[in-house]
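Below is input17.json, which holds JSON, C-alpha atoms and all ligand atoms.
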[["chain", "number", "residue", "atom", "x", "y", "z"],
["A", 1, "MET", "CA", 36.99, 163.00, -105.93],
["A", 2, "ARG", "CA", 33.84, 163.69, -107.96],
["A", 3, "ILE", "CA", 30.85, 164.26, -105.69],
["A", 4, "LYS", "CA", 27.59, 162.91, -107.11],
["A", 5, "ARG", "CA", 25.23, 164.00, -104.32],
["A", 6, "ALA", "CA", 26.09, 166.99, -102.17],
["A", 7, "LEU", "CA", 24.49, 169.23, -99.66],
["A", 8, "ILE", "CA", 25.49, 172.87, -100.05],
["A", 9, "LYS", "CA", 25.28, 175.13, -97.00],
["A", 10, "LEU", "CA", 24.67, 178.61, -98.36],
["A", 11, "SER", "CA", 24.69, 181.42, -95.84],
["A", 12, "GLY", "CA", 22.18, 184.19, -96.28],
["A", 13, "GLU", "CA", 25.03, 186.67, -96.21],
["A", 14, "VAL", "CA", 26.31, 185.32, -99.54],
["A", 15, "LEU", "CA", 22.96, 186.11, -101.19],
["A", 16, "ALA", "CA", 23.20, 189.72, -100.05],
["A", 17, "GLY", "CA", 26.19, 190.25, -102.37],
["A", 18, "THR", "CA", 27.96, 193.55, -101.85],
["A", 19, "ALA", "CA", 24.80, 195.17, -100.46],
["A", 20, "GLY", "CA", 25.41, 193.42, -97.11],
["A", 21, "ALA", "CA", 21.71, 192.75, -96.45],
["A", 22, "GLY", "CA", 18.61, 191.54, -98.28],
["A", 23, "LEU", "CA", 18.77, 189.80, -101.65],
["A", 24, "ASN", "CA", 21.08, 190.89, -104.46],
["A", 25, "GLY", "CA", 19.48, 189.89, -107.76],
["A", 26, "GLU", "CA", 22.76, 189.58, -109.63],
["A", 27, "THR", "CA", 24.34, 187.36, -106.96],
["A", 28, "LEU", "CA", 21.21, 185.23, -106.73],
["A", 29, "THR", "CA", 21.17, 184.74, -110.51],
["A", 30, "GLN", "CA", 24.88, 183.85, -110.65],
["A", 31, "ILE", "CA", 24.69, 181.30, -107.83],
["A", 32, "ALA", "CA", 21.50, 179.77, -109.25],
["A", 33, "ALA", "CA", 23.15, 179.50, -112.69],
["A", 34, "ASP", "CA", 26.17, 177.71, -111.17],
["A", 35, "ILE", "CA", 23.89, 175.29, -109.32],
["A", 36, "ALA", "CA", 21.79, 174.66, -112.44],
["A", 37, "THR", "CA", 24.91, 173.99, -114.55],
["A", 38, "ALA", "CA", 26.14, 171.43, -112.00],
["A", 39, "ALA", "CA", 22.70, 169.78, -111.80],
["A", 40, "LYS", "CA", 22.61, 169.49, -115.62],
["A", 41, "LYS", "CA", 25.91, 167.56, -115.41],
["A", 42, "GLY", "CA", 24.24, 164.97, -113.19],
["A", 43, "HIS", "CA", 25.11, 166.20, -109.71],
["A", 44, "GLU", "CA", 22.30, 165.81, -107.18],
["A", 45, "ILE", "CA", 22.11, 168.91, -105.04],
["A", 46, "ALA", "CA", 20.37, 169.77, -101.81],
["A", 47, "ILE", "CA", 20.85, 173.23, -100.34],
["A", 48, "VAL", "CA", 20.38, 174.37, -96.76],
["A", 49, "VAL", "CA", 20.06, 178.12, -96.91],
["A", 50, "GLY", "CA", 20.67, 180.53, -94.03],
["A", 51, "GLY", "CA", 18.89, 183.77, -93.31],
["A", 52, "GLY", "CA", 21.54, 186.14, -92.00],
["A", 53, "ASN", "CA", 20.85, 188.59, -94.86],
["A", 54, "PHE", "CA", 17.44, 189.18, -93.31],
["A", 55, "PHE", "CA", 17.70, 188.40, -89.59],
["A", 56, "ARG", "CA", 19.70, 186.34, -87.11],
["A", 57, "GLY", "CA", 18.13, 185.39, -83.79],
["A", 58, "VAL", "CA", 20.94, 186.95, -81.79],
["A", 59, "GLN", "CA", 20.14, 190.34, -83.37],
["A", 60, "GLY", "CA", 16.69, 190.22, -81.77],
["A", 61, "LEU", "CA", 18.03, 190.02, -78.25],
["A", 62, "ASN", "CA", 19.08, 193.68, -78.15],
["A", 63, "LYS", "CA", 15.67, 194.64, -79.56],
["A", 64, "GLY", "CA", 13.99, 193.23, -76.47],
["A", 65, "LEU", "CA", 12.81, 190.01, -78.16],
["A", 66, "ASP", "CA", 13.14, 186.68, -76.42],
["A", 67, "ARG", "CA", 15.31, 184.04, -78.09],
["A", 68, "PRO", "CA", 12.53, 181.76, -79.42],
["A", 69, "THR", "CA", 10.70, 184.69, -81.02],
["A", 70, "ALA", "CA", 13.89, 186.14, -82.50],
["A", 71, "ASP", "CA", 14.91, 182.73, -83.85],
["A", 72, "SER", "CA", 11.44, 182.27, -85.37],
["A", 73, "ILE", "CA", 11.95, 185.50, -87.31],
["A", 74, "GLY", "CA", 15.36, 184.18, -88.38],
["A", 75, "MET", "CA", 13.78, 180.94, -89.62],
["A", 76, "LEU", "CA", 11.25, 182.91, -91.67],
["A", 77, "GLY", "CA", 14.19, 184.68, -93.32],
["A", 78, "THR", "CA", 15.64, 181.34, -94.41],
["A", 79, "VAL", "CA", 12.31, 180.44, -96.06],
["A", 80, "MET", "CA", 12.35, 183.74, -97.97],
["A", 81, "ASN", "CA", 15.79, 182.83, -99.31],
["A", 82, "ALA", "CA", 14.63, 179.29, -100.16],
["A", 83, "LEU", "CA", 11.73, 180.65, -102.23],
["A", 84, "ALA", "CA", 14.04, 183.07, -104.04],
["A", 85, "LEU", "CA", 16.54, 180.30, -104.82],
["A", 86, "GLU", "CA", 13.82, 177.90, -105.98],
["A", 87, "HIS", "CA", 12.63, 180.49, -108.46],
["A", 88, "ALA", "CA", 16.13, 181.46, -109.63],
["A", 89, "ILE", "CA", 17.24, 177.83, -110.16],
["A", 90, "GLU", "CA", 14.09, 177.08, -112.17],
["A", 91, "ALA", "CA", 14.67, 180.24, -114.21],
["A", 92, "ALA", "CA", 18.11, 178.79, -114.98],
["A", 93, "GLY", "CA", 16.43, 175.72, -116.45],
["A", 94, "VAL", "CA", 16.51, 173.08, -113.70],
["A", 95, "PRO", "CA", 13.49, 171.97, -111.64],
["A", 96, "ALA", "CA", 13.79, 172.90, -107.97],
["A", 97, "ARG", "CA", 11.67, 172.40, -104.86],
["A", 98, "ALA", "CA", 11.72, 174.63, -101.82],
["A", 99, "MET", "CA", 10.88, 172.63, -98.70],
["A", 100, "SER", "CA", 10.38, 174.14, -95.28],
["A", 101, "ALA", "CA", 11.01, 172.49, -91.91],
["A", 102, "VAL", "CA", 8.26, 174.79, -90.61],
["A", 103, "PRO", "CA", 5.07, 173.78, -92.47],
["A", 104, "MET", "CA", 3.82, 176.61, -94.71],
["A", 105, "PRO", "CA", 1.77, 174.63, -97.23],
["A", 106, "SER", "CA", 0.52, 177.61, -99.18],
["A", 107, "LEU", "CA", 4.11, 178.75, -99.85],
["A", 108, "CYS", "CA", 6.09, 175.55, -100.37],
["A", 109, "GLU", "CA", 6.31, 171.85, -99.56],
["A", 110, "SER", "CA", 6.93, 170.78, -95.98],
["A", 111, "TYR", "CA", 10.21, 168.93, -95.45],
["A", 112, "ALA", "CA", 9.88, 165.17, -95.46],
["A", 113, "ARG", "CA", 12.98, 163.01, -95.93],
["A", 114, "ARG", "CA", 11.43, 160.50, -98.32],
["A", 115, "ARG", "CA", 10.00, 163.22, -100.53],
["A", 116, "ALA", "CA", 13.31, 165.09, -100.59],
["A", 117, "LEU", "CA", 15.14, 161.86, -101.57],
["A", 118, "ASP", "CA", 12.61, 161.33, -104.33],
["A", 119, "HIS", "CA", 13.14, 164.86, -105.69],
["A", 120, "LEU", "CA", 16.93, 164.37, -105.68],
["A", 121, "ALA", "CA", 16.65, 161.05, -107.48],
["A", 122, "HIS", "CA", 14.54, 162.79, -110.16],
["A", 123, "GLY", "CA", 17.12, 165.52, -110.75],
["A", 124, "LYS", "CA", 15.37, 168.28, -108.84],
["A", 125, "VAL", "CA", 17.42, 170.65, -106.71],
["A", 126, "VAL", "CA", 16.02, 170.63, -103.18],
["A", 127, "VAL", "CA", 16.20, 173.96, -101.34],
["A", 128, "LEU", "CA", 15.70, 173.53, -97.61],
["A", 129, "GLY", "CA", 14.41, 176.50, -95.61],
["A", 130, "GLY", "CA", 13.30, 176.84, -92.01],
["A", 131, "GLY", "CA", 16.49, 175.30, -90.61],
["A", 132, "LEU", "CA", 15.52, 172.54, -88.23],
["A", 133, "GLY", "CA", 12.27, 174.26, -87.32],
["A", 134, "ASN", "CA", 13.55, 174.79, -83.77],
["A", 135, "PRO", "CA", 14.91, 177.88, -82.05],
["A", 136, "TYR", "CA", 18.38, 177.85, -80.45],
["A", 137, "PHE", "CA", 20.01, 176.54, -83.63],
["A", 138, "THR", "CA", 21.66, 178.12, -86.65],
["A", 139, "THR", "CA", 21.48, 176.56, -90.10],
["A", 140, "ASP", "CA", 24.85, 174.80, -89.61],
["A", 141, "THR", "CA", 23.18, 171.99, -87.63],
["A", 142, "PRO", "CA", 20.43, 171.25, -90.20],
["A", 143, "ALA", "CA", 23.12, 171.39, -92.91],
["A", 144, "VAL", "CA", 24.96, 168.49, -91.24],
["A", 145, "LEU", "CA", 21.80, 166.57, -90.34],
["A", 146, "ARG", "CA", 20.22, 166.85, -93.80],
["A", 147, "ALA", "CA", 23.52, 165.92, -95.46],
["A", 148, "ALA", "CA", 23.59, 162.75, -93.37],
["A", 149, "GLU", "CA", 19.93, 161.82, -93.72],
["A", 150, "LEU", "CA", 19.82, 162.56, -97.47],
["A", 151, "ASP", "CA", 22.85, 160.30, -98.10],
["A", 152, "CYS", "CA", 25.04, 163.15, -99.34],
["A", 153, "GLU", "CA", 28.70, 162.32, -99.92],
["A", 154, "ALA", "CA", 29.85, 165.68, -98.60],
["A", 155, "LEU", "CA", 28.75, 168.95, -97.13],
["A", 156, "LEU", "CA", 29.92, 171.89, -99.21],
["A", 157, "LYS", "CA", 30.25, 174.97, -97.06],
["A", 158, "ALA", "CA", 30.04, 177.98, -99.35],
["A", 159, "THR", "CA", 31.77, 181.01, -97.83],
["A", 160, "ASN", "CA", 33.60, 184.11, -99.01],
["A", 161, "VAL", "CA", 37.07, 182.65, -98.34],
["A", 162, "ASP", "CA", 38.73, 179.83, -100.28],
["A", 163, "GLY", "CA", 39.17, 177.40, -97.40],
["A", 164, "VAL", "CA", 40.12, 176.96, -93.76],
["A", 165, "TYR", "CA", 43.01, 179.11, -92.49],
["A", 166, "THR", "CA", 45.07, 179.07, -89.30],
["A", 167, "ALA", "CA", 43.51, 182.49, -88.54],
["A", 168, "ASP", "CA", 41.13, 184.92, -90.28],
["A", 169, "PRO", "CA", 43.06, 185.78, -93.47],
["A", 170, "LYS", "CA", 41.25, 189.14, -93.70],
["A", 171, "LYS", "CA", 42.67, 190.17, -90.32],
["A", 172, "ASP", "CA", 45.97, 188.25, -90.12],
["A", 173, "PRO", "CA", 48.24, 188.41, -93.21],
["A", 174, "ALA", "CA", 50.38, 185.60, -91.75],
["A", 175, "ALA", "CA", 47.43, 183.15, -91.77],
["A", 176, "THR", "CA", 48.09, 179.99, -93.79],
["A", 177, "ARG", "CA", 45.56, 177.85, -95.63],
["A", 178, "PHE", "CA", 44.97, 174.09, -95.28],
["A", 179, "ASP", "CA", 44.40, 171.90, -98.34],
["A", 180, "SER", "CA", 43.03, 169.19, -96.10],
["A", 181, "LEU", "CA", 42.75, 168.26, -92.45],
["A", 182, "THR", "CA", 40.82, 165.85, -90.24],
["A", 183, "HIS", "CA", 37.88, 166.73, -88.01],
["A", 184, "ASP", "CA", 40.09, 165.93, -84.99],
["A", 185, "GLU", "CA", 42.84, 168.29, -86.19],
["A", 186, "ALA", "CA", 40.30, 171.08, -86.68],
["A", 187, "ILE", "CA", 39.04, 170.59, -83.12],
["A", 188, "ALA", "CA", 42.56, 170.31, -81.64],
["A", 189, "ARG", "CA", 43.65, 173.53, -83.41],
["A", 190, "ASN", "CA", 40.40, 175.25, -82.44],
["A", 191, "LEU", "CA", 39.66, 176.13, -86.10],
["A", 192, "LYS", "CA", 36.18, 177.53, -86.62],
["A", 193, "VAL", "CA", 34.86, 175.56, -89.59],
["A", 194, "MET", "CA", 31.22, 175.86, -88.47],
["A", 195, "ASP", "CA", 29.19, 175.95, -85.22],
["A", 196, "THR", "CA", 30.77, 173.71, -82.60],
["A", 197, "ALA", "CA", 27.69, 171.52, -82.10],
["A", 198, "ALA", "CA", 27.21, 171.07, -85.86],
["A", 199, "PHE", "CA", 30.89, 170.26, -86.36],
["A", 200, "ALA", "CA", 30.75, 167.62, -83.61],
["A", 201, "LEU", "CA", 27.81, 166.00, -85.43],
["A", 202, "ALA", "CA", 29.74, 165.99, -88.71],
["A", 203, "ARG", "CA", 32.70, 164.34, -87.00],
["A", 204, "GLU", "CA", 30.47, 161.69, -85.47],
["A", 205, "ALA", "CA", 28.81, 161.00, -88.84],
["A", 206, "GLY", "CA", 32.20, 160.91, -90.63],
["A", 207, "LEU", "CA", 30.82, 163.55, -93.00],
["A", 208, "PRO", "CA", 33.44, 165.27, -95.18],
["A", 209, "ILE", "CA", 33.15, 169.07, -95.22],
["A", 210, "VAL", "CA", 34.46, 171.01, -98.21],
["A", 211, "VAL", "CA", 35.02, 174.70, -97.48],
["A", 212, "PHE", "CA", 35.26, 176.89, -100.59],
["A", 213, "SER", "CA", 34.60, 180.41, -101.86],
["A", 214, "ILE", "CA", 31.40, 180.85, -103.79],
["A", 215, "LEU", "CA", 32.43, 184.31, -104.96],
["A", 216, "ASP", "CA", 34.16, 182.88, -108.05],
["A", 217, "ALA", "CA", 31.74, 182.01, -110.85],
["A", 218, "GLY", "CA", 31.75, 178.27, -111.57],
["A", 219, "ALA", "CA", 33.20, 177.38, -108.14],
["A", 220, "ILE", "CA", 30.38, 175.00, -107.21],
["A", 221, "GLY", "CA", 30.83, 172.93, -110.37],
["A", 222, "GLN", "CA", 34.61, 172.74, -109.93],
["A", 223, "VAL", "CA", 34.33, 171.57, -106.32],
["A", 224, "LEU", "CA", 31.72, 168.97, -107.30],
["A", 225, "GLU", "CA", 34.01, 167.67, -110.04],
["A", 226, "GLY", "CA", 36.78, 167.35, -107.42],
["A", 227, "ASN", "CA", 39.11, 169.98, -108.84],
["A", 228, "GLY", "CA", 38.13, 173.25, -107.19],
["A", 229, "ARG", "CA", 40.15, 175.29, -104.72],
["A", 230, "ALA", "CA", 38.94, 174.26, -101.28],
["A", 231, "THR", "CA", 39.89, 172.84, -97.91],
["A", 232, "ILE", "CA", 38.65, 169.30, -97.34],
["A", 233, "VAL", "CA", 37.90, 168.27, -93.76],
["A", 234, "ALA", "CA", 37.59, 164.49, -93.74],
["A", 235, "PRO", "CA", 38.12, 161.59, -91.30],
["B", 301, "LIG", "N1", 17.36, 179.50, -86.98],
["B", 301, "LIG", "C1", 16.74, 178.77, -85.97],
["B", 301, "LIG", "N2", 16.73, 177.40, -86.06],
["B", 301, "LIG", "C2", 17.31, 176.72, -87.08],
["B", 301, "LIG", "C3", 17.96, 177.47, -88.09],
["B", 301, "LIG", "C4", 17.98, 178.85, -88.02],
["B", 301, "LIG", "O1", 16.22, 179.33, -85.02],
["B", 301, "LIG", "O2", 17.25, 175.48, -87.09],
["B", 301, "LIG", "C5", 17.34, 180.98, -86.92],
["B", 301, "LIG", "C6", 18.46, 181.58, -86.06],
["B", 301, "LIG", "O3", 17.95, 182.71, -85.41],
["B", 301, "LIG", "C7", 19.49, 181.96, -87.09],
["B", 301, "LIG", "C8", 18.62, 182.45, -88.23],
["B", 301, "LIG", "O4", 17.53, 181.52, -88.22],
["B", 301, "LIG", "O5", 20.35, 182.98, -86.63],
["B", 301, "LIG", "C9", 19.27, 182.47, -89.59],
["B", 301, "LIG", "O6", 20.10, 181.34, -89.80],
["B", 301, "LIG", "P1", 21.71, 181.46, -89.83],
["B", 301, "LIG", "O7", 22.16, 182.37, -88.73],
["B", 301, "LIG", "O8", 22.25, 180.10, -89.82],
["B", 301, "LIG", "O9", 21.94, 182.15, -91.23],
["B", 301, "LIG", "P2", 23.32, 182.40, -92.01],
["B", 301, "LIG", "O10", 24.31, 182.96, -91.02],
["B", 301, "LIG", "O11", 23.78, 181.09, -92.55],
["B", 301, "LIG", "O12", 22.95, 183.36, -93.10]]
Could you rewrite the structure in this file as structure tokens?
Amino acid sequence: MRIKRALIKLSGEVLAGTAGAGLNGETLTQIAADIATAAKKGHEIAIVVGGGNFFRGVQGLNKGLDRPTADSIGMLGTVMNALALEHAIEAAGVPARAMSAVPMPSLCESYARRRALDHLAHGKVVVLGGGLGNPYFTTDTPAVLRAAELDCEALLKATNVDGVYTADPKKDPAATRFDSLTHDEAIARNLKVMDTAAFALAREAGLPIVVFSILDAGAIGQVLEGNGRATIVAP
């Protein structure tokens, strides 16, 4: 199935490339080029970007920070990634708008649903930073919520494995991969597709989730055209 409008959940870790932390220029350029190529073919793309390459709230707890403060630092990391992606996508020839759920008007637009819809309809890639703007969440929950409220046909979860497996394929060589499964099956088999709360929201909204590896160049475009290697979680 060709997906016209999609929300891509991009973890910060992906943007770190092989360095493991921070931003890897080569990885950023490659992912931005893939996104720009897909946008030029008429796909409407919103991205919720994580911040794990800079900071995750849970890391702050063993530094003596309280959870809200640590999560605030995590949210700032997601905005840094959003600004980097906005620039890289525009450098690849497609207009992009970073929008933050935490207002930072001198850095980027504040998130507003109607404005984001307008950008998408005009062919701009919308890069959403700041998560939900609330502590005690990861970016999985805003990925599901924004996909639903921005009328996206599917949530594309970009990871470093090519789908959902019965177990972690990097640890268990006997793990087998699913081509497709339902939300209910994923819950019954206790498969970790994304955060439990976010996954429950996706199930309730009937939102298809496409899990794919972003490590292969061109993967985003293939998945959007409906012929990439991925696991599809759908009602
Ligand atoms: N975060 C938050 N509220 C949100 C989204 C994110 O507090 O709505 C914080 C949280 O500390 C999280 C960090 O930002 O760990 C970075 O996001 P995430 O862990 O989802 O990044 P990823 O693992 O996708 O790179």
For range 203-213 of chain A, list every protein, DNA or RNA residue within 8 Å, evaluated using all atoms listed in the file, and leave out those in the same chain fewer than 3 positions away; present the list as a PyMOL selection string.
chain A and resi 144+148+153-164+183-184+193+199-200+216+219+223+229-235
With distances taken over only C-alpha atoms, which of A:Thr182, A:Asn81, A:Thr37, A:Thr166 is nearest to Gln222 in chain A?
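Smallest distance to Gln222 in chain A is found for A:Thr37.
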Calculated over all atoms listed in the file, which of the candidates A:Arg97, A:Lys9, A:His87, A:Arg2 has the smallest distance to ligand LIG 301 (chain B)?
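Under the stated criterion, the closest residue is A:Lys9.
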Any idea what's packed within 12 Å of Asp118 in chain A, counting all atoms listed in the file, ignoring anything in its chain fewer than 6 positions away? Could you give it as a PDB file with C-alpha atoms, keeping the file's coordinate frame?
ATOM      1  CA  GLU A  44      22.300 165.810-107.180  1.00  0.00           C
ATOM      2  CA  ALA A  46      20.370 169.770-101.810  1.00  0.00           C
ATOM      3  CA  ARG A  97      11.670 172.400-104.860  1.00  0.00           C
ATOM      4  CA  TYR A 111      10.210 168.930 -95.450  1.00  0.00           C
ATOM      5  CA  ALA A 112       9.880 165.170 -95.460  1.00  0.00           C
ATOM      6  CA  LYS A 124      15.370 168.280-108.840  1.00  0.00           C
ATOM      7  CA  VAL A 125      17.420 170.650-106.710  1.00  0.00           C
ATOM      8  CA  VAL A 126      16.020 170.630-103.180  1.00  0.00           C
ATOM      9  CA  LEU A 150      19.820 162.560 -97.470  1.00  0.00           C
TER      10      LEU A 150
END
Cut-off 6 Å, all atoms listed in the file, neighbours of ligand LIG 301 (chain B) as a VMD selection string
chain A and resid 11 to 13 50 to 53 56 to 57 71 to 72 74 to 75 131 to 140
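Distances here use only C-alpha atoms; by that measure, the residue among A:Gly228, A:Glu86, A:Glu26, A:Ile220 closest to Ala38 in chain A is A:Ile220.
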For Val79 in chain A: contacts at 8 Å, only C-alpha atoms, fewer than 4 positions along chain excluded, given as a PyMOL selection string:
chain A and resi 51+75+83+100+128-130
Expected file contents, prior selection, C-alpha atoms, as a PDB file, in the coordinates of the input:
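The resulting file, selection36.pdb, is reproduced below:
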ATOM      1  CA  GLY A  51      18.890 183.770 -93.310  1.00  0.00           C
ATOM      2  CA  MET A  75      13.780 180.940 -89.620  1.00  0.00           C
ATOM      3  CA  LEU A  83      11.730 180.650-102.230  1.00  0.00           C
ATOM      4  CA  SER A 100      10.380 174.140 -95.280  1.00  0.00           C
ATOM      5  CA  LEU A 128      15.700 173.530 -97.610  1.00  0.00           C
ATOM      6  CA  GLY A 129      14.410 176.500 -95.610  1.00  0.00           C
ATOM      7  CA  GLY A 130      13.300 176.840 -92.010  1.00  0.00           C
TER       8      GLY A 130
END
Which value, in Å to one decimal, gives the distance between CA of Ala70 in chain A and CA of Ile214 in chain A?
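Between CA of Ala70 in chain A and CA of Ile214 in chain A the gap works out to 28.1 Å.
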Just the number, please: distance in Å from CA of Thr78 in chain A to CA of Val127 in chain A, one decimal.
10.1 Å
For the atom pair CA of Ala101 in chain A and CA of Pro68 in chain A, what is the interatomic distance in Å to one decimal place?
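Value for the CA of Ala101 in chain A-CA of Pro68 in chain A distance: 15.6 Å.
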I need the residue nearest His43 in chain A from this list: A:Ala88, A:Ala121, A:Cys108, A:Ala198. Use only C-alpha atoms for the distance.
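Using only C-alpha atoms, the shortest distance to His43 in chain A belongs to A:Ala121.
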Edge lengths and centre in Å to one decimal, as JSON, is what I'm after for the box along x, y and z that holds all listed atoms of range 147-165 of chain A once 3 Å is added on each side.
{"center_x": 31.4, "center_y": 172.2, "center_z": -96.4, "size_x": 29.2, "size_y": 29.8, "size_z": 13.8}
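The smallest atom-to-atom distance between Leu28 in chain A and any of A:Gln59, A:Asp195, A:Ile89, A:Met104, using all atoms listed in the file, is found for A:Ile89.
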When you count only C-alpha atoms, which of these residues is closest to Ala143 in chain A: A:Pro95, A:Leu15, A:Ile31, A:Val48?
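With only C-alpha atoms as the atom set, the closest residue is A:Val48.
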